[in-house]
>>> print(open('my_file34.cif').read())   # mmCIF, C-alpha atoms
data_data
loop_
_atom_site.label_atom_id
_atom_site.label_comp_id
_atom_site.auth_asym_id
_atom_site.auth_seq_id
_atom_site.Cartn_x
_atom_site.Cartn_y
_atom_site.Cartn_z
CA MET A 1 67.23 85.47 -121.26
CA SER A 2 66.24 89.00 -120.26
CA LYS A 3 62.60 90.01 -120.33
CA GLU A 4 63.42 92.63 -122.97
CA SER A 5 64.50 89.97 -125.47
CA LYS A 6 61.26 87.99 -125.31
CA PRO A 7 58.96 88.20 -128.36
CA LEU A 8 56.22 90.18 -126.59
CA ALA A 9 58.50 92.52 -124.68
CA GLY A 10 56.99 96.00 -124.59
CA VAL A 11 53.40 94.77 -125.05
CA LYS A 12 51.15 95.99 -122.24
CA VAL A 13 48.15 93.84 -121.33
CA LEU A 14 45.35 94.64 -118.92
CA GLU A 15 43.45 91.60 -117.63
CA LEU A 16 39.88 92.11 -116.46
CA GLY A 17 38.73 88.59 -115.79
CA THR A 18 38.64 85.66 -113.44
CA LEU A 19 39.02 81.89 -113.37
CA ILE A 20 40.10 80.20 -116.58
CA ALA A 21 39.54 81.43 -120.14
CA GLY A 22 40.66 85.07 -119.94
CA PRO A 23 43.44 84.47 -117.40
CA PHE A 24 44.83 81.52 -119.38
CA CYS A 25 45.01 83.74 -122.47
CA THR A 26 46.97 86.39 -120.59
CA ARG A 27 49.17 83.75 -118.97
CA ILE A 28 50.37 82.77 -122.47
CA LEU A 29 51.12 86.40 -123.29
CA ALA A 30 52.94 86.89 -119.97
CA GLU A 31 55.08 83.80 -120.52
CA PHE A 32 56.47 85.38 -123.67
CA GLY A 33 57.30 88.77 -122.23
CA ALA A 34 54.12 90.86 -122.20
CA GLU A 35 53.59 93.00 -119.12
CA VAL A 36 50.28 91.71 -117.80
CA ILE A 37 48.47 93.67 -115.11
CA LYS A 38 45.70 91.62 -113.56
CA VAL A 39 42.94 93.65 -111.96
CA GLU A 40 41.42 91.92 -108.95
CA SER A 41 38.77 92.80 -106.43
CA PRO A 42 40.26 93.83 -103.08
CA ASP A 43 37.71 91.46 -101.53
CA GLY A 44 39.46 88.15 -102.12
CA GLY A 45 40.58 88.55 -105.73
CA ASP A 46 40.21 85.92 -108.42
CA PRO A 47 38.20 82.92 -107.12
CA LEU A 48 40.83 80.67 -108.73
CA ARG A 49 43.04 81.56 -105.78
CA GLN A 50 40.86 79.17 -103.76
CA TRP A 51 40.22 76.42 -106.33
CA ARG A 52 41.33 72.80 -105.97
CA LYS A 53 44.37 71.92 -103.82
CA LEU A 54 45.62 74.71 -101.55
CA HIS A 55 48.99 75.40 -99.96
CA GLN A 56 48.88 77.77 -97.00
CA GLY A 57 45.49 79.02 -98.13
CA THR A 58 46.29 79.64 -101.81
CA SER A 59 45.61 77.41 -104.81
CA LEU A 60 48.58 75.58 -106.29
CA TRP A 61 46.88 76.15 -109.65
CA TRP A 62 47.13 79.89 -109.04
CA SER A 63 50.93 79.70 -108.99
CA VAL A 64 50.83 78.62 -112.65
CA GLN A 65 47.76 80.42 -114.01
CA ALA A 66 49.00 83.81 -112.79
CA ARG A 67 52.73 83.39 -113.34
CA ASN A 68 54.56 86.46 -114.61
CA LYS A 69 51.51 88.66 -113.94
CA LYS A 70 51.26 91.70 -111.71
CA SER A 71 48.30 91.92 -109.33
CA LEU A 72 46.51 95.23 -108.89
CA THR A 73 43.54 95.49 -106.55
CA ALA A 74 40.86 97.91 -107.73
CA ASN A 75 37.24 98.20 -106.66
CA LEU A 76 35.34 98.57 -109.93
CA LYS A 77 32.32 99.86 -108.00
CA HIS A 78 34.35 102.80 -106.70
CA PRO A 79 34.86 105.79 -109.04
CA GLU A 80 38.52 106.12 -108.09
CA GLY A 81 39.12 102.42 -108.72
CA LEU A 82 37.47 102.73 -112.12
CA ALA A 83 39.50 105.81 -112.93
CA ALA A 84 42.75 103.93 -112.32
CA VAL A 85 41.63 101.07 -114.54
CA ARG A 86 40.62 103.48 -117.31
CA GLN A 87 44.04 105.09 -117.11
CA LEU A 88 45.72 101.71 -117.44
CA ALA A 89 43.50 100.82 -120.40
CA ALA A 90 44.48 104.08 -122.08
CA GLU A 91 48.11 102.92 -122.02
CA ALA A 92 47.49 99.25 -122.84
CA ASP A 93 48.02 97.45 -126.11
CA ILE A 94 45.54 94.72 -125.19
CA VAL A 95 42.65 94.45 -122.75
CA VAL A 96 41.43 90.91 -122.06
CA GLU A 97 38.08 90.45 -120.36
CA ASN A 98 35.72 87.54 -119.75
CA PHE A 99 32.70 89.13 -118.11
CA ARG A 100 29.21 88.51 -119.44
CA PRO A 101 28.42 90.89 -122.32
CA GLY A 102 27.22 94.25 -121.05
CA VAL A 103 28.93 94.15 -117.66
CA LEU A 104 31.86 96.34 -118.68
CA GLU A 105 29.52 98.71 -120.50
CA LYS A 106 27.59 99.24 -117.26
CA LEU A 107 30.87 100.03 -115.51
CA GLY A 108 31.87 102.54 -118.18
CA LEU A 109 34.64 100.27 -119.44
CA GLY A 110 33.08 99.18 -122.71
CA TRP A 111 34.76 99.17 -126.11
CA ASP A 112 33.35 102.54 -127.15
CA VAL A 113 34.77 104.25 -124.07
CA LEU A 114 38.15 102.53 -124.00
CA SER A 115 38.81 102.77 -127.75
CA ALA A 116 37.88 106.45 -127.80
CA ALA A 117 40.70 107.09 -125.32
CA ASN A 118 43.04 104.57 -126.96
CA PRO A 119 42.33 104.10 -130.70
CA GLY A 120 45.05 101.48 -131.05
CA LEU A 121 43.60 99.25 -128.35
CA VAL A 122 42.98 95.57 -129.02
CA MET A 123 40.12 94.36 -126.82
CA VAL A 124 39.80 90.61 -126.40
CA ARG A 125 36.36 89.58 -125.18
CA LEU A 126 35.67 86.02 -124.08
CA SER A 127 32.16 84.93 -123.20
CA GLY A 128 29.92 81.91 -123.42
CA PHE A 129 28.10 82.92 -126.60
CA GLY A 130 29.85 86.02 -127.94
CA GLN A 131 28.92 89.69 -127.93
CA THR A 132 25.97 89.31 -130.32
CA GLY A 133 23.11 86.92 -131.01
CA PRO A 134 20.04 85.82 -129.05
CA TYR A 135 22.08 83.93 -126.43
CA LYS A 136 24.64 86.64 -125.70
CA ASP A 137 23.23 87.51 -122.27
CA ARG A 138 23.14 83.93 -121.03
CA PRO A 139 25.79 82.72 -118.59
CA GLY A 140 28.10 80.22 -120.24
CA PHE A 141 30.97 78.33 -118.66
CA GLY A 142 33.38 76.05 -120.49
CA ALA A 143 31.16 73.02 -119.90
CA ILE A 144 28.35 74.78 -121.77
CA GLY A 145 30.68 75.65 -124.63
CA GLU A 146 31.86 72.04 -124.84
CA SER A 147 28.25 70.86 -124.94
CA MET A 148 26.91 73.31 -127.49
CA GLY A 149 30.12 73.24 -129.55
CA GLY A 150 29.76 69.52 -130.21
CA LEU A 151 32.57 68.04 -128.12
CA ARG A 152 30.51 66.46 -125.35
CA TYR A 153 28.13 64.75 -127.80
CA ILE A 154 30.91 62.69 -129.37
CA THR A 155 32.91 61.99 -126.18
CA GLY A 156 32.38 58.67 -124.40
CA PHE A 157 30.96 55.27 -125.26
CA PRO A 158 27.83 54.69 -127.35
CA ASP A 159 25.93 52.85 -124.61
CA ARG A 160 26.45 55.57 -121.99
CA PRO A 161 25.73 59.29 -121.58
CA PRO A 162 28.28 61.81 -122.85
CA VAL A 163 31.28 62.43 -120.61
CA ARG A 164 33.64 65.31 -120.07
CA THR A 165 37.40 65.43 -120.35
CA GLY A 166 39.26 65.72 -117.06
CA ILE A 167 40.13 69.40 -117.52
CA SER A 168 38.27 72.58 -118.46
CA ILE A 169 39.11 72.04 -122.11
CA GLY A 170 36.46 74.43 -123.46
CA ASP A 171 37.91 77.36 -121.52
CA SER A 172 41.44 76.43 -122.51
CA ILE A 173 40.61 76.15 -126.21
CA ALA A 174 38.88 79.54 -126.06
CA ALA A 175 41.96 81.01 -124.38
CA LEU A 176 44.17 79.76 -127.19
CA TRP A 177 41.90 81.30 -129.84
CA ALA A 178 41.89 84.52 -127.80
CA ALA A 179 45.69 84.66 -127.72
CA ILE A 180 45.86 83.96 -131.45
CA GLY A 181 43.26 86.65 -132.13
CA ALA A 182 45.09 89.18 -129.97
CA LEU A 183 48.35 88.62 -131.82
CA MET A 184 46.64 88.80 -135.22
CA ALA A 185 45.00 92.08 -134.22
CA LEU A 186 48.36 93.45 -133.05
CA ARG A 187 49.90 92.45 -136.36
CA HIS A 188 47.10 94.20 -138.24
CA ARG A 189 47.65 97.30 -136.13
CA GLU A 190 51.35 97.30 -136.93
CA VAL A 191 50.99 97.04 -140.71
CA ASN A 192 47.65 98.71 -141.44
CA GLY A 193 47.62 102.10 -139.82
CA GLY A 194 47.58 101.59 -136.09
CA ALA A 195 43.87 100.98 -135.49
CA GLY A 196 42.75 98.55 -132.82
CA GLN A 197 39.73 96.25 -132.88
CA VAL A 198 37.64 93.81 -130.87
CA VAL A 199 38.50 90.11 -130.78
CA ASP A 200 35.20 88.38 -129.95
CA VAL A 201 35.69 84.80 -128.71
CA ALA A 202 32.64 82.70 -127.83
CA LEU A 203 33.35 79.53 -125.88
CA TYR A 204 30.94 77.42 -127.93
CA GLU A 205 32.49 78.67 -131.19
CA ALA A 206 36.01 78.00 -129.95
CA VAL A 207 35.06 74.36 -129.36
CA PHE A 208 32.98 74.15 -132.54
CA ALA A 209 36.00 75.26 -134.57
CA MET A 210 37.80 72.07 -133.47
CA MET A 211 35.15 69.69 -134.78
CA GLU A 212 37.10 68.63 -137.87
CA SER A 213 34.85 67.28 -140.66
CA MET A 214 31.62 67.18 -138.67
CA VAL A 215 29.78 69.93 -140.55
CA PRO A 216 30.48 69.01 -144.21
CA GLU A 217 29.93 65.30 -143.51
CA PHE A 218 26.50 66.00 -142.06
CA ASP A 219 25.57 68.52 -144.74
CA VAL A 220 26.58 66.47 -147.78
CA ALA A 221 26.43 62.88 -146.58
CA GLY A 222 23.89 63.13 -143.76
CA PHE A 223 26.46 61.51 -141.49
CA MET A 224 26.30 62.39 -137.81
CA ARG A 225 29.22 61.53 -135.57
CA GLU A 226 28.31 59.60 -132.46
CA ARG A 227 30.19 58.42 -129.39
CA THR A 228 32.58 55.63 -130.28
CA GLY A 229 34.65 55.16 -127.14
CA ASN A 230 38.37 54.88 -127.75
CA ILE A 231 38.19 54.36 -131.50
CA MET A 232 37.45 56.79 -134.28
CA PRO A 233 35.53 55.27 -137.19
CA GLY A 234 37.21 56.03 -140.48
CA ILE A 235 40.69 55.94 -138.95
CA THR A 236 41.80 52.33 -138.37
CA PRO A 237 43.53 51.06 -136.35
CA SER A 238 43.88 53.56 -133.50
CA ASN A 239 42.74 52.36 -130.11
CA THR A 240 43.50 51.76 -126.44
CA HIS A 241 44.58 48.27 -125.46
CA THR A 242 45.17 46.72 -122.02
CA THR A 243 48.39 44.82 -121.32
CA ARG A 244 48.89 41.71 -119.23
CA ASP A 245 50.11 43.81 -116.30
CA GLY A 246 47.09 46.11 -116.48
CA ARG A 247 48.58 49.09 -118.30
CA HIS A 248 46.63 50.97 -120.95
CA VAL A 249 48.51 51.46 -124.20
CA ILE A 250 47.55 53.55 -127.21
CA ILE A 251 48.63 52.13 -130.57
CA GLY A 252 48.16 54.21 -133.71
CA GLY A 253 48.64 52.06 -136.77
CA ASN A 254 46.37 53.88 -139.18
CA GLY A 255 48.99 54.90 -141.75
CA ASP A 256 49.26 52.46 -144.63
CA ALA A 257 52.96 51.70 -144.15
CA ILE A 258 52.61 51.81 -140.39
CA PHE A 259 49.80 49.25 -140.47
CA ASN A 260 52.00 46.91 -142.47
CA ARG A 261 54.79 47.20 -139.88
CA LEU A 262 52.34 46.77 -137.00
CA MET A 263 50.87 43.57 -138.37
CA ARG A 264 54.31 42.08 -138.96
CA ALA A 265 55.41 43.08 -135.46
CA ILE A 266 52.51 41.19 -133.89
CA GLY A 267 53.01 38.14 -136.05
CA ARG A 268 50.25 38.69 -138.58
CA PRO A 269 51.95 39.13 -141.96
CA ASP A 270 48.79 37.75 -143.56
CA LEU A 271 46.93 40.89 -142.55
CA ALA A 272 49.87 43.06 -143.59
CA GLU A 273 49.65 41.56 -147.08
CA ALA A 274 45.86 41.40 -147.40
CA PRO A 275 44.91 43.41 -150.53
CA ASP A 276 41.80 44.90 -148.96
CA LEU A 277 43.75 46.21 -145.95
CA VAL A 278 46.36 48.27 -147.76
CA SER A 279 44.22 51.41 -147.43
CA ASN A 280 42.39 52.98 -144.54
CA ALA A 281 38.96 52.54 -146.16
CA GLY A 282 39.42 48.78 -146.38
CA ARG A 283 40.78 48.51 -142.86
CA ASP A 284 37.83 50.42 -141.51
CA LEU A 285 35.47 47.79 -142.91
CA ARG A 286 37.31 45.13 -140.94
CA ALA A 287 37.96 47.27 -137.86
CA ALA A 288 36.40 44.84 -135.36
CA GLU A 289 38.57 41.97 -136.59
CA ILE A 290 41.74 44.06 -136.54
CA TYR A 291 41.09 45.34 -133.03
CA THR A 292 40.41 41.81 -131.76
CA VAL A 293 43.78 40.70 -133.12
CA ILE A 294 45.67 43.61 -131.56
CA ASP A 295 43.80 43.27 -128.25
CA ALA A 296 44.79 39.62 -127.96
CA TRP A 297 48.45 40.29 -128.78
CA VAL A 298 48.71 43.16 -126.27
CA ALA A 299 46.85 41.26 -123.53
CA ALA A 300 49.42 38.44 -123.66
CA ARG A 301 52.34 40.79 -122.89
CA ASP A 302 53.47 43.25 -120.25
CA GLY A 303 53.41 46.93 -121.08
CA ASP A 304 57.16 47.38 -121.40
CA ALA A 305 57.36 44.52 -123.91
CA VAL A 306 54.49 45.95 -125.96
CA LEU A 307 56.05 49.40 -126.12
CA ALA A 308 59.49 48.00 -126.93
CA ALA A 309 58.08 46.00 -129.85
CA MET A 310 56.24 49.05 -131.17
CA GLU A 311 59.38 51.16 -130.95
CA VAL A 312 61.38 48.60 -132.92
CA ALA A 313 58.63 48.45 -135.56
CA GLU A 314 58.38 52.28 -135.65
CA VAL A 315 54.69 52.20 -134.79
CA PRO A 316 53.36 55.19 -132.76
CA ALA A 317 52.50 53.95 -129.28
CA SER A 318 52.43 55.14 -125.69
CA SER A 319 51.15 54.08 -122.35
CA VAL A 320 48.42 56.36 -121.00
CA PHE A 321 50.40 58.65 -118.71
CA SER A 322 49.38 59.64 -115.22
CA VAL A 323 51.02 62.71 -113.73
CA ALA A 324 53.31 60.32 -111.80
CA ASP A 325 54.45 58.88 -115.14
CA MET A 326 55.22 62.38 -116.38
CA PHE A 327 57.40 63.08 -113.34
CA ARG A 328 59.69 60.15 -114.13
CA ASP A 329 59.68 60.36 -117.92
CA ALA A 330 62.89 61.14 -119.80
CA GLN A 331 61.20 63.12 -122.59
CA PHE A 332 59.44 65.45 -120.15
CA ALA A 333 62.77 66.01 -118.40
CA ALA A 334 64.77 66.58 -121.57
CA ARG A 335 62.30 69.18 -122.84
CA GLY A 336 62.09 71.06 -119.54
CA MET A 337 58.38 70.38 -119.18
CA LEU A 338 58.55 70.16 -115.38
CA GLU A 339 60.19 73.34 -114.15
CA GLU A 340 61.52 73.64 -110.63
CA ALA A 341 60.31 76.58 -108.59
CA SER A 342 59.65 77.55 -104.97
CA LEU A 343 56.57 78.85 -103.20
CA PRO A 344 56.92 81.94 -100.95
CA ASP A 345 57.52 79.79 -97.86
CA GLY A 346 60.34 77.90 -99.60
CA GLN A 347 58.27 74.84 -100.47
CA PRO A 348 59.78 73.30 -103.64
CA LEU A 349 57.30 73.16 -106.48
CA ARG A 350 57.32 71.77 -109.97
CA ILE A 351 55.22 73.54 -112.56
CA PRO A 352 54.45 72.94 -116.25
CA GLY A 353 57.06 74.20 -118.68
CA VAL A 354 56.25 76.93 -121.18
CA VAL A 355 54.79 75.98 -124.58
CA PRO A 356 55.66 76.42 -127.45
CA LYS A 357 59.44 76.23 -127.64
CA LEU A 358 60.88 79.19 -129.55
CA SER A 359 64.48 78.71 -130.60
CA ALA A 360 65.61 82.34 -130.35
CA THR A 361 63.15 84.04 -128.01
CA PRO A 362 61.71 81.37 -125.70
CA GLY A 363 59.17 82.06 -123.01
CA ALA A 364 59.99 81.54 -119.35
CA THR A 365 58.63 81.68 -115.83
CA GLU A 366 59.80 84.90 -114.17
CA TRP A 367 57.73 84.54 -110.99
CA LEU A 368 54.80 82.53 -109.72
CA GLY A 369 51.27 83.83 -109.23
CA PRO A 370 51.47 86.98 -107.10
CA LYS A 371 49.91 87.74 -103.76
CA LEU A 372 46.65 89.66 -103.95
CA GLY A 373 47.47 93.29 -104.73
CA GLU A 374 51.21 92.63 -104.59
CA HIS A 375 51.96 95.17 -107.32
CA THR A 376 49.25 97.75 -106.60
CA ASP A 377 51.55 100.43 -105.24
CA GLU A 378 54.13 99.89 -108.00
CA ILE A 379 51.53 100.11 -110.76
CA LEU A 380 49.77 103.18 -109.39
CA ALA A 381 53.10 104.91 -108.80
CA GLY A 382 53.86 104.29 -112.46
CA LEU A 383 50.64 106.14 -113.31
CA GLY A 384 51.82 109.13 -111.28
CA TYR A 385 49.99 108.46 -108.01
CA SER A 386 51.84 109.71 -104.91
CA PRO A 387 52.28 107.47 -101.84
CA GLU A 388 49.81 109.69 -100.01
CA LYS A 389 47.21 109.32 -102.76
CA ILE A 390 47.65 105.55 -102.82
CA ALA A 391 47.22 105.39 -99.04
CA ALA A 392 44.07 107.49 -99.29
CA LEU A 393 42.60 105.28 -102.00
CA ARG A 394 43.30 102.19 -99.91
CA ALA A 395 41.68 103.74 -96.85
CA ASP A 396 38.62 104.66 -98.93
CA GLY A 397 38.22 101.12 -100.34
CA ALA A 398 39.05 102.08 -103.93
CA ILE A 399 42.02 99.70 -104.09
#
>>> encode(input="my_file34.cif", output="structure tokens")
Amino acid sequence: MSKESKPLAGVKVLELGTLIAGPFCTRILAEFGAEVIKVESPDGGDPLRQWRKLHQGTSLWWSVQARNKKSLTANLKHPEGLAAVRQLAAEADIVVENFRPGVLEKLGLGWDVLSAANPGLVMVRLSGFGQTGPYKDRPGFGAIGESMGGLRYITGFPDRPPVRTGISIGDSIAALWAAIGALMALRHREVNGGAGQVVDVALYEAVFAMMESMVPEFDVAGFMRERTGNIMPGITPSNTHTTRDGRHVIIGGNGDAIFNRLMRAIGRPDLAEAPDLVSNAGRDLRAAEIYTVIDAWVAARDGDAVLAAMEVAEVPASSVFSVADMFRDAQFAARGMLEEASLPDGQPLRIPGVVPKLSATPGATEWLGPKLGEHTDEILAGLGYSPEKIAALRADGAI
């Protein structure tokens, strides 16, 4: 598919951010055809370039997080560097930034300045606590958003301190809300007169928005969710069980009909037919008993046998996948979720496939994360800068 036929073809995005939340938002937009220009400091660029496992000095993560983006180096402390960024913002549909509130204002790149030059601009602002409120000036990474937003409190086992998930989930959730907000603002601009607006995403609010029934349950019933390990009270049975060969298997039998099939599959028709277990509320009252029964059945069998029995009974179940499991799984392969690519030195590389799957205008990987400043000359030439001017700016430290 050509880039022009992607759903966001023609949308120009300027990324002023580093690390995870802002760049993940723009990655989504770039995967579906937006032209994303990532502004980086000439002095090393985005720190993510050096995070986690490296290949020839560059993060493997970078190859995914910055795919389909163009890298422009600009010194935001240099007036000529700022001038180039302002010019790009004047032509952009969306600016995405994840600095602390006030930083862009000090640089002369705040909303008032950019929107005055470009009234249709959508400015997406990601920060720990949002652009207003008593905490707005505090630093706030994803871990802080996960903590204040309620996720950390309910994650883990009741007899131990809260734990984190194995990824920067708070940043990623915020990025998704940011992408949704950007597209909603673009839609508003298209149908309601062409005016832009600010999309203000706070990391703690992005996480808080995912907390399901926590607020009304506390307000009306005084119920406060606590850490419950691998089970979720009120939804029974749904748990992790360990097989005879040491595999961890998730079995979700919390639907009424599904529970009936599960109990028959494990040889307990008495529980399938018990009048007080036909609904979730009744099952929840006998959760410990039900889990003991399932634990014992699973522990007496190897993982493949457990999963085969669940498939026959049409009970949702899966082993807990490692990345190695993903690499050999038929579903991942069939859905193109492990794309084949190559690093600049020819090293083969598999990267995550693009999500979601659009039937007519799917997203795609056009290129991997660029070298620092790889597109600087191309972008500035597009703004009308001559080769001589670009060379002078580079010599002066502006780019």
>>> closest_atom_pairs(input="my_file34.cif", of="segment 73-190 of chain A", to="segment 9-25 of chain A", cutoff="8 Å", atoms="all atoms listed in the file", output="tab-separated table")
residue	atom	partner	partner_atom	distance
A:Leu88	CA	A:Leu14	CA	7.2
A:Ala89	CA	A:Leu14	CA	6.6
A:Glu91	CA	A:Lys12	CA	7.6
A:Ala92	CA	A:Lys12	CA	4.9
A:Asp93	CA	A:Lys12	CA	5.2
A:Ile94	CA	A:Val13	CA	4.7
A:Val95	CA	A:Leu14	CA	4.7
A:Val96	CA	A:Glu15	CA	4.9
A:Glu97	CA	A:Leu16	CA	4.6
A:Asn98	CA	A:Gly17	CA	5.1
A:Phe99	CA	A:Gly17	CA	6.5
A:Leu126	CA	A:Gly22	CA	6.6
A:Asp171	CA	A:Ala21	CA	4.6
A:Ser172	CA	A:Ala21	CA	5.9
A:Ala174	CA	A:Ala21	CA	6.2
A:Ala175	CA	A:Cys25	CA	4.5
A:Leu176	CA	A:Cys25	CA	6.2
A:Ala178	CA	A:Cys25	CA	6.2
A:Ala179	CA	A:Cys25	CA	5.4
>>> resolve_selection(input="my_file34.cif", expression="the PyMOL selection byres ((chain A and resi 393-396) around 12)", output="list in words")
Pro42, Leu72, Thr73, Ala74, Asn75, His78, Pro79, Glu80, Gly81, Leu82, Ala83, Ala84, Gly373, Thr376, Asp377, Leu380, Tyr385, Ser386, Pro387, Glu388, Lys389, Ile390, Ala391, Ala392, Gly397, Ala398 and Ile399 of chain A
>>> resolve_selection(input="my_file34.cif", expression="the PyMOL selection byres ((chain A and resi 280) around 8)", output="number ranges by chain")
A: 234-236, 254-256, 277-279, 281-284
>>> resolve_selection(input="my_file34.cif", expression="the PyMOL selection byres ((chain A and resi 362-371) around 9)", output="ChimeraX atom specification")
/A:1,3,6-7,28,30-33,61-71,339,341-343,353-361,372-375
>>> atom_distance(input="my_file34.cif", atom1="atom CA of Leu121 of chain A", atom2="atom CA of Ile37 of chain A")
15.2 Å
>>> atom_distance(input="my_file34.cif", atom1="atom CA of Ile250 of chain A", atom2="atom CA of Met326 of chain A")
15.9 Å
>>> residues_around(input="my_file34.cif", residues="Gly170 of chain A", least_positions_apart="5", cutoff="9 Å", atoms="only C-alpha atoms", output="count of residues only")
14
>>> closest_residue(input="my_file34.cif", among="A:Leu48, A:Ala182, A:Ile290, A:Val249", to="Asp302 of chain A", atoms="only C-alpha atoms")
A:Val249
